[in-house]
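What's in model-v7.cif: mmCIF, C-alpha atoms
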```
data_final
#
loop_
_atom_site.label_atom_id
_atom_site.label_comp_id
_atom_site.auth_asym_id
_atom_site.auth_seq_id
_atom_site.Cartn_x
_atom_site.Cartn_y
_atom_site.Cartn_z
CA MET A 23 135.74 -113.98 79.06
CA PRO A 24 135.51 -117.67 78.04
CA GLU A 25 138.83 -119.37 77.26
CA THR A 26 139.58 -119.63 73.53
CA PRO A 27 140.00 -123.32 72.55
CA PRO A 28 143.33 -124.27 70.87
CA ARG A 29 143.39 -124.17 67.12
CA ASP A 30 142.96 -127.62 65.52
CA GLU A 31 145.62 -128.19 62.80
CA ARG A 32 145.06 -130.98 60.34
CA LEU A 33 147.32 -134.02 60.94
CA ARG A 34 148.96 -135.30 57.78
CA VAL A 35 150.02 -139.01 57.48
CA MET A 36 153.67 -139.62 56.48
CA PRO A 37 153.75 -141.52 53.09
CA TRP A 38 155.50 -144.92 53.06
CA TRP A 39 157.77 -143.95 50.21
CA LEU A 40 159.32 -141.19 52.27
CA VAL A 41 160.64 -143.86 54.69
CA LEU A 42 161.93 -145.92 51.75
CA VAL A 43 163.72 -142.88 50.32
CA GLY A 44 165.33 -142.27 53.68
CA LEU A 45 166.58 -145.85 53.82
CA LEU A 46 167.92 -145.65 50.26
CA LEU A 47 169.67 -142.38 51.04
CA ALA A 48 171.23 -143.95 54.12
CA ALA A 49 172.43 -146.97 52.03
CA LEU A 50 173.69 -144.67 49.28
CA LEU A 51 175.59 -142.56 51.77
CA GLY A 52 177.12 -145.68 53.30
CA TRP A 53 178.07 -147.06 49.87
CA LEU A 54 179.67 -143.73 48.86
CA VAL A 55 181.64 -143.57 52.06
CA LEU A 56 182.64 -147.24 51.69
CA ASP A 57 183.69 -146.73 48.09
CA TRP A 58 185.76 -143.72 48.96
CA LEU A 59 187.47 -145.45 51.85
CA LEU A 60 188.15 -148.60 49.84
CA GLY A 61 189.73 -146.47 47.16
CA GLU A 62 191.96 -144.86 49.72
CA ALA A 63 192.85 -148.27 51.17
CA ASP A 64 193.86 -149.62 47.76
CA ARG A 65 196.52 -146.98 47.54
CA ALA A 66 198.47 -148.56 50.31
CA ALA A 67 201.74 -150.22 49.17
CA GLN A 68 201.83 -153.09 51.67
CA PRO A 69 199.29 -155.89 51.23
CA ASP A 70 198.86 -156.25 54.98
CA THR A 71 198.23 -152.55 55.38
CA ARG A 72 195.91 -152.51 52.44
CA ALA A 73 193.90 -155.43 53.85
CA SER A 74 193.69 -153.78 57.25
CA LEU A 75 192.57 -150.50 55.70
CA ARG A 76 189.88 -152.22 53.67
CA ILE A 77 188.51 -153.89 56.78
CA ASP A 78 188.45 -150.51 58.54
CA ALA A 79 186.76 -148.95 55.49
CA ILE A 80 184.06 -151.63 55.49
CA ARG A 81 183.57 -151.16 59.23
CA THR A 82 183.36 -147.37 58.81
CA GLY A 83 180.85 -147.68 55.94
CA LEU A 84 178.63 -149.95 57.98
CA THR A 85 178.92 -147.51 60.89
CA VAL A 86 177.82 -144.64 58.65
CA VAL A 87 174.89 -146.70 57.38
CA ALA A 88 173.95 -147.65 60.94
CA GLY A 89 174.33 -144.09 62.17
CA THR A 90 172.20 -142.72 59.36
CA GLY A 91 169.57 -145.38 60.05
CA GLY A 92 169.70 -144.56 63.74
CA GLY A 93 169.20 -140.88 62.96
CA LEU A 94 166.20 -141.76 60.82
CA ALA A 95 164.89 -143.93 63.63
CA LEU A 96 165.29 -141.04 66.09
CA LEU A 97 163.41 -138.74 63.74
CA LEU A 98 160.60 -141.27 63.46
CA ALA A 99 160.54 -141.70 67.23
CA ALA A 100 160.45 -137.91 67.72
CA ARG A 101 157.57 -137.70 65.25
CA ARG A 102 155.71 -140.42 67.09
CA GLN A 103 156.26 -138.53 70.37
CA TRP A 104 155.00 -135.30 68.84
CA ILE A 105 151.97 -137.06 67.42
CA GLY A 106 151.26 -138.64 70.79
CA GLU A 107 151.51 -135.31 72.60
CA ARG A 108 149.35 -133.66 70.01
CA ALA A 109 146.79 -136.40 70.34
CA GLN A 110 146.86 -135.96 74.13
CA ARG A 111 146.33 -132.21 73.81
CA HIS A 112 143.51 -132.80 71.36
CA GLN A 113 141.85 -135.26 73.72
CA GLU A 114 142.19 -132.80 76.60
CA ALA A 115 140.75 -129.97 74.48
CA VAL A 116 137.87 -132.16 73.38
CA ALA A 117 137.26 -133.20 76.98
CA ALA A 118 137.34 -129.53 78.10
CA ARG A 119 134.91 -128.54 75.35
CA ASP A 120 132.64 -131.42 76.29
CA GLN A 121 132.79 -130.41 79.95
CA ALA A 122 132.06 -126.76 79.09
CA HIS A 123 129.19 -127.86 76.88
CA ARG A 124 127.80 -130.04 79.66
CA GLU A 125 128.13 -127.16 82.10
CA ARG A 126 126.33 -124.81 79.69
CA VAL A 127 123.61 -127.37 79.18
CA GLN A 128 123.31 -127.82 82.96
CA ALA A 129 123.25 -124.06 83.56
CA HIS A 130 120.62 -123.62 80.86
CA ALA A 131 118.54 -126.41 82.35
CA GLU A 132 118.83 -124.85 85.81
CA SER A 133 117.94 -121.43 84.40
CA VAL A 134 114.91 -122.85 82.61
CA ALA A 135 113.86 -124.67 85.76
CA GLU A 136 114.30 -121.52 87.86
CA ALA A 137 112.33 -119.43 85.35
CA ALA A 138 109.59 -122.04 85.32
CA ALA A 139 109.53 -122.02 89.13
CA ARG A 140 109.32 -118.21 89.19
CA HIS A 141 106.56 -118.29 86.63
CA GLN A 142 104.66 -120.83 88.69
CA ASP A 143 105.17 -118.69 91.80
CA ARG A 144 103.87 -115.63 89.95
CA GLN A 145 100.90 -117.57 88.69
CA ALA A 146 100.22 -118.82 92.21
CA GLU A 147 100.55 -115.31 93.64
CA ALA A 148 98.32 -113.89 90.91
CA ALA A 149 95.75 -116.60 91.51
CA GLU A 150 95.90 -115.96 95.26
CA HIS A 151 95.64 -112.19 94.72
CA ASP A 152 92.70 -112.62 92.33
CA ALA A 153 90.96 -114.90 94.81
CA ALA A 154 91.56 -112.38 97.62
CA GLU A 155 90.33 -109.51 95.45
CA ARG A 156 87.22 -111.45 94.45
CA ARG A 157 86.53 -112.30 98.07
CA LEU A 158 87.13 -108.68 99.09
CA THR A 159 84.82 -107.44 96.32
CA GLU A 160 82.13 -109.89 97.33
CA LEU A 161 82.36 -108.85 100.98
CA TYR A 162 82.38 -105.16 100.06
CA THR A 163 79.41 -105.55 97.71
CA ARG A 164 77.47 -107.55 100.29
CA ALA A 165 78.14 -104.96 103.02
CA VAL A 166 77.09 -102.08 100.76
CA GLU A 167 73.93 -103.96 99.83
CA LEU A 168 73.15 -104.27 103.53
CA LEU A 169 73.35 -100.48 103.85
CA GLY A 170 70.55 -100.19 101.32
CA SER A 171 68.19 -102.37 103.33
CA ASP A 172 64.86 -101.04 104.58
CA THR A 173 65.56 -102.52 108.02
CA ALA A 174 67.64 -100.46 110.47
CA ALA A 175 69.18 -103.56 112.07
CA VAL A 176 70.38 -104.78 108.68
CA ARG A 177 71.90 -101.38 107.94
CA LEU A 178 73.74 -101.52 111.25
CA GLY A 179 75.10 -104.92 110.26
CA GLY A 180 76.32 -103.42 106.98
CA LEU A 181 78.16 -100.67 108.87
CA TYR A 182 79.96 -103.14 111.12
CA ALA A 183 80.75 -105.39 108.14
CA LEU A 184 82.40 -102.45 106.38
CA GLU A 185 84.34 -101.57 109.53
CA ARG A 186 85.68 -105.10 109.86
CA LEU A 187 86.58 -105.15 106.19
CA GLY A 188 88.58 -101.95 106.60
CA GLN A 189 90.26 -103.21 109.76
CA ASP A 190 91.48 -106.33 107.95
CA ASN A 191 92.40 -104.56 104.69
CA PRO A 192 94.32 -101.30 105.22
CA ALA A 193 94.32 -100.53 101.48
CA GLN A 194 90.51 -100.29 101.55
CA ARG A 195 90.20 -97.96 104.53
CA GLN A 196 89.89 -94.74 102.55
CA THR A 197 87.25 -96.31 100.30
CA ILE A 198 85.26 -97.57 103.28
CA THR A 199 85.57 -94.16 104.96
CA ALA A 200 84.24 -92.58 101.77
CA VAL A 201 81.26 -94.99 101.81
CA LEU A 202 80.45 -94.12 105.44
CA CYS A 203 80.71 -90.41 104.63
CA ALA A 204 78.47 -90.89 101.59
CA TYR A 205 75.89 -92.63 103.78
CA LEU A 206 75.89 -89.66 106.14
CA ARG A 207 75.55 -87.28 103.18
CA MET A 208 72.39 -89.01 101.97
CA PRO A 209 69.10 -87.64 103.33
CA PRO A 210 67.78 -89.86 106.12
CA PRO A 211 64.46 -91.65 105.60
CA THR A 212 61.64 -89.85 107.34
CA ASP A 213 59.57 -92.96 108.15
CA ASP A 214 62.18 -94.83 110.23
CA PRO A 215 62.71 -93.52 113.78
CA ARG A 216 65.63 -95.88 114.29
CA GLU A 217 67.67 -94.24 111.52
CA ASP A 218 69.12 -91.77 114.05
CA GLU A 219 70.87 -94.64 115.81
CA VAL A 220 72.21 -95.98 112.50
CA ARG A 221 73.65 -92.59 111.60
CA ARG A 222 75.14 -92.06 115.07
CA THR A 223 76.77 -95.48 114.73
CA ALA A 224 78.26 -94.47 111.38
CA GLN A 225 79.65 -91.31 113.03
CA ARG A 226 81.17 -93.30 115.89
CA LEU A 227 82.78 -95.76 113.47
CA LEU A 228 84.38 -92.86 111.61
CA THR A 229 85.73 -91.03 114.63
CA ARG A 230 86.86 -94.16 116.51
CA HIS A 231 89.36 -94.99 113.79
CA LEU A 232 90.67 -91.41 113.68
CA ARG A 233 92.03 -91.47 117.23
CA ALA A 234 95.74 -92.17 117.27
CA ASP A 235 95.58 -93.81 120.68
CA ASP A 236 92.99 -96.34 119.52
CA PRO A 237 94.29 -99.82 118.55
CA GLY A 238 92.16 -99.62 115.42
CA HIS A 239 93.58 -96.28 114.24
CA TRP A 240 93.34 -95.68 110.49
CA PRO A 241 96.03 -93.08 109.74
CA GLY A 242 95.85 -90.73 106.78
CA VAL A 243 92.16 -91.11 105.86
CA THR A 244 90.22 -87.98 104.89
CA LEU A 245 86.61 -87.05 105.62
CA ASP A 246 84.23 -85.67 103.02
CA LEU A 247 81.07 -84.75 104.92
CA THR A 248 79.94 -81.91 102.68
CA GLY A 249 76.22 -81.43 103.05
CA ALA A 250 75.90 -84.24 105.60
CA ARG A 251 73.37 -84.30 108.41
CA LEU A 252 75.18 -85.00 111.67
CA ALA A 253 73.96 -85.32 115.23
CA GLY A 254 76.35 -85.02 118.15
CA PHE A 255 79.40 -85.52 115.93
CA ASP A 256 82.27 -86.19 118.35
CA ALA A 257 85.75 -85.95 116.83
CA SER A 258 87.46 -85.02 120.09
CA GLY A 259 90.99 -86.34 120.28
CA CYS A 260 90.97 -87.34 116.62
CA THR A 261 93.76 -86.79 114.11
CA LEU A 262 92.15 -85.14 111.10
CA VAL A 263 93.68 -84.66 107.68
CA ASP A 264 91.65 -82.64 105.17
CA ALA A 265 88.21 -82.90 106.78
CA ASP A 266 85.42 -81.11 104.93
CA LEU A 267 82.05 -80.32 106.58
CA THR A 268 81.05 -77.54 104.19
CA GLY A 269 77.28 -77.19 104.04
CA ALA A 270 76.69 -79.83 106.72
CA VAL A 271 73.89 -79.50 109.27
CA CYS A 272 75.24 -80.45 112.68
CA ALA A 273 72.70 -80.90 115.45
CA GLY A 274 73.70 -81.04 119.10
CA THR A 275 77.30 -80.50 120.10
CA THR A 276 79.95 -80.96 117.43
CA SER A 277 83.28 -81.47 119.14
CA PHE A 278 86.84 -81.21 117.89
CA ALA A 279 88.21 -80.74 121.39
CA GLY A 280 91.82 -81.87 121.69
CA ALA A 281 91.91 -82.83 118.01
CA SER A 282 95.10 -82.71 115.96
CA VAL A 283 94.30 -81.12 112.60
CA HIS A 284 96.37 -81.00 109.44
CA GLY A 285 95.84 -79.98 105.87
CA ARG A 286 92.48 -78.18 105.68
CA LEU A 287 89.57 -78.23 108.12
CA ALA A 288 86.49 -76.80 106.38
CA LEU A 289 83.74 -75.95 108.87
CA GLY A 290 81.47 -73.75 106.77
CA ALA A 291 78.41 -75.53 108.19
CA SER A 292 75.48 -75.00 110.53
CA PHE A 293 76.12 -75.91 114.17
CA ASP A 294 74.12 -75.89 117.35
CA ASP A 295 77.34 -75.87 119.39
CA LEU A 296 80.92 -76.10 118.14
CA VAL A 297 83.67 -77.09 120.58
CA CYS A 298 87.31 -76.75 119.48
CA ASP A 299 88.92 -76.40 122.90
CA ASP A 300 92.62 -77.36 123.00
CA LEU A 301 92.57 -78.10 119.29
CA ALA A 302 96.09 -78.07 117.83
CA GLY A 303 97.78 -78.50 114.48
CA ASP A 304 98.93 -76.72 111.36
CA ALA A 305 95.66 -77.02 109.44
CA GLU A 306 94.01 -74.11 107.70
CA ILE A 307 90.61 -73.70 109.39
CA VAL A 308 87.83 -72.31 107.21
CA LEU A 309 84.60 -71.12 108.87
CA ASP A 310 83.46 -68.92 105.99
CA GLY A 311 79.66 -68.75 105.98
CA ALA A 312 79.34 -70.87 109.13
CA ARG A 313 76.31 -70.52 111.40
CA VAL A 314 76.62 -71.34 115.12
CA THR A 315 73.37 -70.81 117.01
CA GLY A 316 74.85 -71.82 120.36
CA THR A 317 78.45 -71.52 121.50
CA ALA A 318 81.62 -71.69 119.41
CA SER A 319 84.52 -72.38 121.75
CA PHE A 320 88.24 -72.27 120.90
CA THR A 321 89.48 -72.01 124.49
CA GLY A 322 93.15 -72.98 124.74
CA ALA A 323 93.38 -73.89 121.05
CA THR A 324 96.67 -73.61 119.19
CA VAL A 325 95.96 -72.92 115.52
CA GLY A 326 99.05 -73.24 113.37
CA GLY A 327 97.38 -72.42 110.05
CA ALA A 328 95.28 -69.48 108.93
CA LEU A 329 91.77 -69.14 110.33
CA SER A 330 89.09 -67.61 108.12
CA ALA A 331 85.53 -66.87 109.27
CA ARG A 332 84.26 -64.41 106.66
CA ARG A 333 80.51 -63.70 106.71
CA ALA A 334 80.04 -66.22 109.51
CA GLU A 335 77.38 -65.85 112.20
CA PHE A 336 78.02 -66.75 115.81
CA HIS A 337 75.89 -66.43 118.90
CA ARG A 338 78.51 -66.87 121.63
CA VAL A 339 82.24 -67.17 120.99
CA SER A 340 84.94 -68.06 123.49
CA ALA A 341 88.59 -68.11 122.43
CA ARG A 342 90.13 -67.47 125.83
CA GLY A 343 93.85 -68.25 125.86
CA ALA A 344 93.84 -69.37 122.23
CA THR A 345 96.98 -68.92 120.12
CA PHE A 346 96.77 -68.14 116.41
CA HIS A 347 100.09 -68.40 114.57
CA ARG A 348 98.81 -67.32 111.16
CA PRO A 349 96.42 -64.55 110.09
CA VAL A 350 92.87 -64.58 111.49
CA THR A 351 90.09 -63.14 109.31
CA LEU A 352 86.66 -62.33 110.77
CA ASP A 353 85.55 -59.83 108.10
CA ARG A 354 81.79 -59.18 107.88
CA SER A 355 81.02 -61.75 110.57
CA ARG A 356 78.19 -61.25 113.06
CA PHE A 357 78.36 -62.01 116.78
CA THR A 358 74.80 -61.95 118.13
CA GLY A 359 75.87 -62.79 121.68
CA SER A 360 79.10 -62.35 123.59
CA ALA A 361 82.54 -62.74 122.00
CA THR A 362 85.47 -63.38 124.31
CA PHE A 363 89.09 -63.35 123.13
CA ARG A 364 90.59 -62.83 126.56
CA GLU A 365 94.35 -63.51 126.67
CA ALA A 366 94.29 -64.71 123.08
CA VAL A 367 97.53 -64.32 121.09
CA PHE A 368 97.44 -63.29 117.42
CA HIS A 369 100.91 -63.83 115.96
CA GLY A 370 99.95 -63.40 112.32
CA GLY A 371 97.64 -60.42 112.45
CA VAL A 372 93.88 -60.20 112.70
CA SER A 373 91.25 -58.60 110.48
CA VAL A 374 87.80 -57.82 111.91
CA GLU A 375 86.66 -55.37 109.24
CA ARG A 376 82.91 -54.68 109.00
CA ALA A 377 82.21 -57.28 111.71
CA GLU A 378 79.24 -56.74 114.03
CA PHE A 379 79.34 -57.44 117.77
CA ALA A 380 75.79 -57.27 119.12
CA GLY A 381 76.84 -58.19 122.64
CA TYR A 382 79.96 -58.05 124.77
CA ALA A 383 83.27 -57.95 122.83
CA GLY A 384 86.15 -58.75 125.12
CA PHE A 385 89.83 -58.57 124.17
CA ARG A 386 91.20 -58.24 127.70
CA ARG A 387 94.95 -58.88 127.84
CA ALA A 388 94.93 -60.07 124.25
CA HIS A 389 98.24 -59.83 122.38
CA PHE A 390 98.31 -58.54 118.82
CA ALA A 391 101.81 -59.23 117.48
CA ASP A 392 101.04 -57.93 114.02
CA LEU A 393 98.51 -55.74 112.25
CA ALA A 394 95.07 -55.46 113.93
CA LEU A 395 92.27 -54.19 111.69
CA PHE A 396 88.90 -53.21 113.17
CA ARG A 397 87.82 -50.82 110.41
CA TRP A 398 84.05 -50.33 110.02
CA ALA A 399 83.47 -52.80 112.87
CA VAL A 400 80.33 -52.24 114.93
CA PHE A 401 80.48 -52.83 118.69
CA GLY A 402 76.88 -52.92 119.93
CA ALA A 403 77.71 -53.31 123.63
CA GLU A 404 80.85 -53.25 125.77
CA ALA A 405 84.16 -53.32 123.94
CA TRP A 406 86.96 -54.12 126.33
CA PHE A 407 90.63 -53.93 125.36
CA GLU A 408 91.93 -53.59 128.92
CA GLY A 409 95.56 -54.70 129.22
CA ALA A 410 95.74 -55.59 125.54
CA ARG A 411 99.10 -55.31 123.78
CA PHE A 412 99.37 -54.02 120.22
CA ALA A 413 102.88 -54.73 118.91
CA GLY A 414 101.91 -53.73 115.37
CA ALA A 415 99.65 -51.15 113.81
CA ALA A 416 96.06 -50.93 115.05
CA ASN A 417 93.33 -49.45 112.87
CA PHE A 418 89.82 -48.64 114.13
CA GLY A 419 88.91 -46.40 111.21
CA ARG A 420 85.15 -45.77 110.81
CA ALA A 421 84.35 -48.20 113.63
CA ARG A 422 81.24 -47.61 115.75
CA PHE A 423 81.14 -48.08 119.51
CA LEU A 424 77.55 -48.21 120.79
CA GLY A 425 78.49 -49.09 124.35
CA PRO A 426 81.30 -48.44 126.82
CA VAL A 427 84.87 -48.71 125.48
CA SER A 428 87.95 -49.33 127.58
CA PHE A 429 91.62 -49.37 126.59
CA ASP A 430 92.68 -49.13 130.22
CA ALA A 431 96.28 -50.37 130.75
CA ALA A 432 96.54 -51.27 127.06
CA THR A 433 99.99 -50.85 125.49
CA LEU A 434 100.37 -49.77 121.88
CA ALA A 435 103.60 -49.66 119.91
CA ARG A 436 102.19 -46.72 117.94
CA ARG A 437 99.18 -44.46 118.11
CA PRO A 438 96.13 -46.28 116.68
CA LEU A 439 94.38 -44.96 113.58
CA VAL A 440 90.77 -44.03 114.23
CA ASP A 441 89.81 -42.08 111.08
CA GLN A 442 86.29 -40.87 111.81
CA ALA A 443 85.34 -43.65 114.23
CA ARG A 444 82.27 -42.88 116.35
CA ALA A 445 81.23 -43.67 119.91
CA THR A 446 78.15 -42.93 121.98
CA ALA A 447 78.42 -39.83 124.08
CA THR A 448 76.66 -41.36 127.08
CA GLY A 449 78.87 -44.33 127.87
CA PRO A 450 82.09 -44.18 129.94
CA HIS A 451 85.08 -44.57 127.64
CA THR A 452 88.80 -44.99 128.20
CA TRP A 453 90.71 -44.25 125.00
CA PRO A 454 94.39 -44.88 124.16
CA GLU A 455 96.73 -42.05 124.98
CA GLY A 456 96.82 -39.42 122.25
CA THR A 457 93.38 -40.18 120.82
CA VAL A 458 91.57 -37.02 119.69
CA VAL A 459 87.86 -37.11 120.60
CA ARG A 460 85.32 -34.50 119.46
CA ARG A 461 81.65 -34.25 120.28
CA LEU A 462 79.38 -34.27 117.26
CA ASP A 463 76.08 -33.85 119.11
CA ASP A 464 74.36 -35.05 122.25
CA GLU A 465 74.55 -38.70 121.12
CA TRP A 466 77.84 -39.15 119.26
CA LEU A 467 81.53 -38.62 119.73
CA LEU A 468 83.86 -38.45 116.74
CA LEU A 469 87.41 -39.81 116.88
CA VAL A 470 89.89 -38.20 114.51
CA ASP A 471 93.53 -38.69 113.69
CA PRO A 472 95.63 -35.67 114.69
#
```
Would you mind giving the structure from this file in C-alpha cells?
Amino acid sequence: MPETPPRDERLRVMPWWLVLVGLLLAALLGWLVLDWLLGEADRAAQPDTRASLRIDAIRTGLTVVAGTGGGLALLLAARRQWIGERAQRHQEAVAARDQAHRERVQAHAESVAEAAARHQDRQAEAAEHDAAERRLTELYTRAVELLGSDTAAVRLGGLYALERLGQDNPAQRQTITAVLCAYLRMPPPTDDPREDEVRRTAQRLLTRHLRADDPGHWPGVTLDLTGARLAGFDASGCTLVDADLTGAVCAGTTSFAGASVHGRLALGASFDDLVCDDLAGDAEIVLDGARVTGTASFTGATVGGALSARRAEFHRVSARGATFHRPVTLDRSRFTGSATFREAVFHGGVSVERAEFAGYAGFRRAHFADLALFRWAVFGAEAWFEGARFAGAANFGRARFLGPVSFDAATLARRPLVDQARATATGPHTWPEGTVVRRLDDEWLLLVDP
C-alpha cells in the first residue's frame, strides 16, 4: 500500500503583543520581587545592614528580571527550533510527494509507450497476417482456376501448385486434400485422353503425403472419395484416418497393403482387385455392399476394429493368417470364387449367416475364439474346417453343404448346433464328433441336434 503522507497542520504566527506582554510580566515580576525585598531590607535596624540589604535586593530583582527574560528567550528559541524542524519535515514531505508524482508520471508515460508499442506490434502482425492470407487466397484461387482449364497440362500445373501450397501452409492441408478429392469425385471429361494421367497424378499426390516415412507427410488429413472414379489407387504404406470410398469405382488394383488405418475405413465400392495385405490398425472397416470382381486379399492383416461386409460380393478372397480382434460380419455376402481363411484368427466372433460360397470355402486351422455363426450359409463346393479350433459356440443351423465337408482334426469346445442343416449324400464328409446325420433321400443328408 502507498505510504500515507503526514498531515499538514496550519502554522499560526505568534502576535507581537504576546512578546510585549511577556516582557511586561517579566518586568512586573522583577518589580514585585524588588519591592518586597526592599521592604524587608528597610526593616533592618543598622544603616549599614539596611544599605547592604537594599543592594542585595536590587541585585536579586534584576536577577529575577534577567532570569524571566532568559526563560522567555529560551521559549522563543525552542519555538524557532520547532518551526524550523516542522518546515524541514514539510519540505521533505513535499519533496517526497513530488518524487512520487514524478514516478507516477514516468510510470504512466512508460505504460502508455508500452501500450502504444504493443498496439503497433499488433497492427503490424495483423497487417502481415492479412497480407499472407490475401497472398494465400490468391495462390489458392489461381491454382483452383488452373484445375478448371480445358488443357490437361494446365490442370497438372494446378495440382502441383495446390500441393506446394499445402506443403508450405500446414493449416491448409485438409482443405487442399478436400479439393483433390473433389476433383477425383467429378466425372472425367470423355473427350480428353490425357485426363487419366491427370487423375492418376492427383491420386499420387494424395497418397504420397499420407505416408509417415515421407518427408512431406501430412498427418491427420482425411479422405472423402465417395463416388470417385479411381484407377490403380495405391495407398500402400499410408496412414489413413477416416477414409471414405463409399460408392467409388476403382479400376485396376486398389492397394492398402501395409497401411495403418484408424477411425473408419469405408470400402463399400466397386473394385477390380483389392489388396489389404499386412494392413494394421484399430479402424472399423466397412465393406457393406462392396463388389470385388477380382481378388480381395487380407493376407497377414491385423484388424483391430470391427469388419463388416454385409451383402458384399467377392470373386476370390484370401485372408490367410489374418487376425481380427473385433467381430467380423459377412452376412448375406456372396463368394463367387474361392474364399480362403486359412489360419485366420477371429477373436471377436464371426457371423456368416445366409452367405453363399459358390467355390472353395477354406477355414483350415482357423481359430474361432468366440461365437461362430454359419446359419443358413450355402457352401456350393468344398467346405474345409480341418484343424480348426472353436473355443466358443458354433452354429451351422439350416446351412447347406453342396460339396465335400471336412472337420477332420477340428477341436470344438462344445458340440456344434446343426438344426436341420443339409449336405449332399454323394460327397465324402467328415463331421464333428457327436453329429447326428440322417439320410433324407438319395441326394440329401439331414443333420439334427440330438
Can you list what the PyMOL selection byres ((chain A and resi 282-284) around 6) grabs from this structure, as a JSON list (two decimals) with C-alpha atoms, in the coordinates of the input?
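Final file, selection-v4.json:
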```
[["chain", "number", "residue", "atom", "x", "y", "z"],
["A", 261, "THR", "CA", 93.76, -86.79, 114.11],
["A", 262, "LEU", "CA", 92.15, -85.14, 111.10],
["A", 263, "VAL", "CA", 93.68, -84.66, 107.68],
["A", 281, "ALA", "CA", 91.91, -82.83, 118.01],
["A", 285, "GLY", "CA", 95.84, -79.98, 105.87],
["A", 302, "ALA", "CA", 96.09, -78.07, 117.83],
["A", 303, "GLY", "CA", 97.78, -78.50, 114.48],
["A", 304, "ASP", "CA", 98.93, -76.72, 111.36],
["A", 305, "ALA", "CA", 95.66, -77.02, 109.44]]
```
d(CA of Gly254 (chain A), CA of Cys298 (chain A)) in Å: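 Between these atoms lies a distance of 13.8 Å.
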For Ala394 (chain A): contacts at 6 Å, only C-alpha atoms, fewer than 6 positions along chain excluded, given as a VMD selection string: chain A and resid 371 to 372 416
Atomic separation - CA of Leu267 (chain A) relative to CA of Thr248 (chain A), Å: 4.7 Å
Picked residues, the PyMOL selection byres ((chain A and resi 240) around 12), as a compact mmCIF listing (two decimals) with C-alpha atoms, in the coordinates of the input:
```
# COMPACT_ATOMS: atom_id res chain seq x y z
CA GLU A 185 84.34 -101.57 109.53
CA GLY A 188 88.58 -101.95 106.60
CA GLN A 189 90.26 -103.21 109.76
CA ASP A 190 91.48 -106.33 107.95
CA ASN A 191 92.40 -104.56 104.69
CA PRO A 192 94.32 -101.30 105.22
CA ALA A 193 94.32 -100.53 101.48
CA GLN A 194 90.51 -100.29 101.55
CA ARG A 195 90.20 -97.96 104.53
CA GLN A 196 89.89 -94.74 102.55
CA THR A 197 87.25 -96.31 100.30
CA ILE A 198 85.26 -97.57 103.28
CA THR A 199 85.57 -94.16 104.96
CA LEU A 227 82.78 -95.76 113.47
CA LEU A 228 84.38 -92.86 111.61
CA THR A 229 85.73 -91.03 114.63
CA ARG A 230 86.86 -94.16 116.51
CA HIS A 231 89.36 -94.99 113.79
CA LEU A 232 90.67 -91.41 113.68
CA ARG A 233 92.03 -91.47 117.23
CA ALA A 234 95.74 -92.17 117.27
CA ASP A 235 95.58 -93.81 120.68
CA ASP A 236 92.99 -96.34 119.52
CA PRO A 237 94.29 -99.82 118.55
CA GLY A 238 92.16 -99.62 115.42
CA HIS A 239 93.58 -96.28 114.24
CA PRO A 241 96.03 -93.08 109.74
CA GLY A 242 95.85 -90.73 106.78
CA VAL A 243 92.16 -91.11 105.86
CA THR A 244 90.22 -87.98 104.89
CA LEU A 245 86.61 -87.05 105.62
CA CYS A 260 90.97 -87.34 116.62
CA THR A 261 93.76 -86.79 114.11
CA LEU A 262 92.15 -85.14 111.10
CA VAL A 263 93.68 -84.66 107.68
```
Thr433 (chain A) environment, 8 Å, all atoms listed in the file, sequence neighbours closer than 4 positions dropped, as a PyMOL selection string: chain A and resi 409-412
Gap from CA of Gly381 (chain A) to CA of Leu252 (chain A) - Å, one decimal: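 Result for CA of Gly381 (chain A) versus CA of Leu252 (chain A): 29.0 Å, one decimal.
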Selection dump of the PyMOL selection byres ((chain A and resi 90) around 12), as a VMD selection string: chain A and resid 44 to 53 55 83 to 89 91 to 97
Save out the residues we just selected, C-alpha atoms, as a tab-separated table (two decimals), keeping the file's coordinate frame.
```
chain	number	residue	atom	x	y	z
A	44	GLY	CA	165.33	-142.27	53.68
A	45	LEU	CA	166.58	-145.85	53.82
A	46	LEU	CA	167.92	-145.65	50.26
A	47	LEU	CA	169.67	-142.38	51.04
A	48	ALA	CA	171.23	-143.95	54.12
A	49	ALA	CA	172.43	-146.97	52.03
A	50	LEU	CA	173.69	-144.67	49.28
A	51	LEU	CA	175.59	-142.56	51.77
A	52	GLY	CA	177.12	-145.68	53.30
A	53	TRP	CA	178.07	-147.06	49.87
A	55	VAL	CA	181.64	-143.57	52.06
A	83	GLY	CA	180.85	-147.68	55.94
A	84	LEU	CA	178.63	-149.95	57.98
A	85	THR	CA	178.92	-147.51	60.89
A	86	VAL	CA	177.82	-144.64	58.65
A	87	VAL	CA	174.89	-146.70	57.38
A	88	ALA	CA	173.95	-147.65	60.94
A	89	GLY	CA	174.33	-144.09	62.17
A	91	GLY	CA	169.57	-145.38	60.05
A	92	GLY	CA	169.70	-144.56	63.74
A	93	GLY	CA	169.20	-140.88	62.96
A	94	LEU	CA	166.20	-141.76	60.82
A	95	ALA	CA	164.89	-143.93	63.63
A	96	LEU	CA	165.29	-141.04	66.09
A	97	LEU	CA	163.41	-138.74	63.74
```
For region 418-427 of chain A: contacts at 7 Å, all atoms listed in the file, fewer than 4 positions along chain excluded, given as a list in words: Leu395, Phe396, Arg397, Trp398, Ala399, Val400, Phe401, Gly402, Ala403, Glu404, Ala405, Trp406, Leu439, Val440, Asp441, Gln442, Ala443, Arg444, Ala445, Thr446, Gly449, Pro450, His451 and Thr452 of chain A
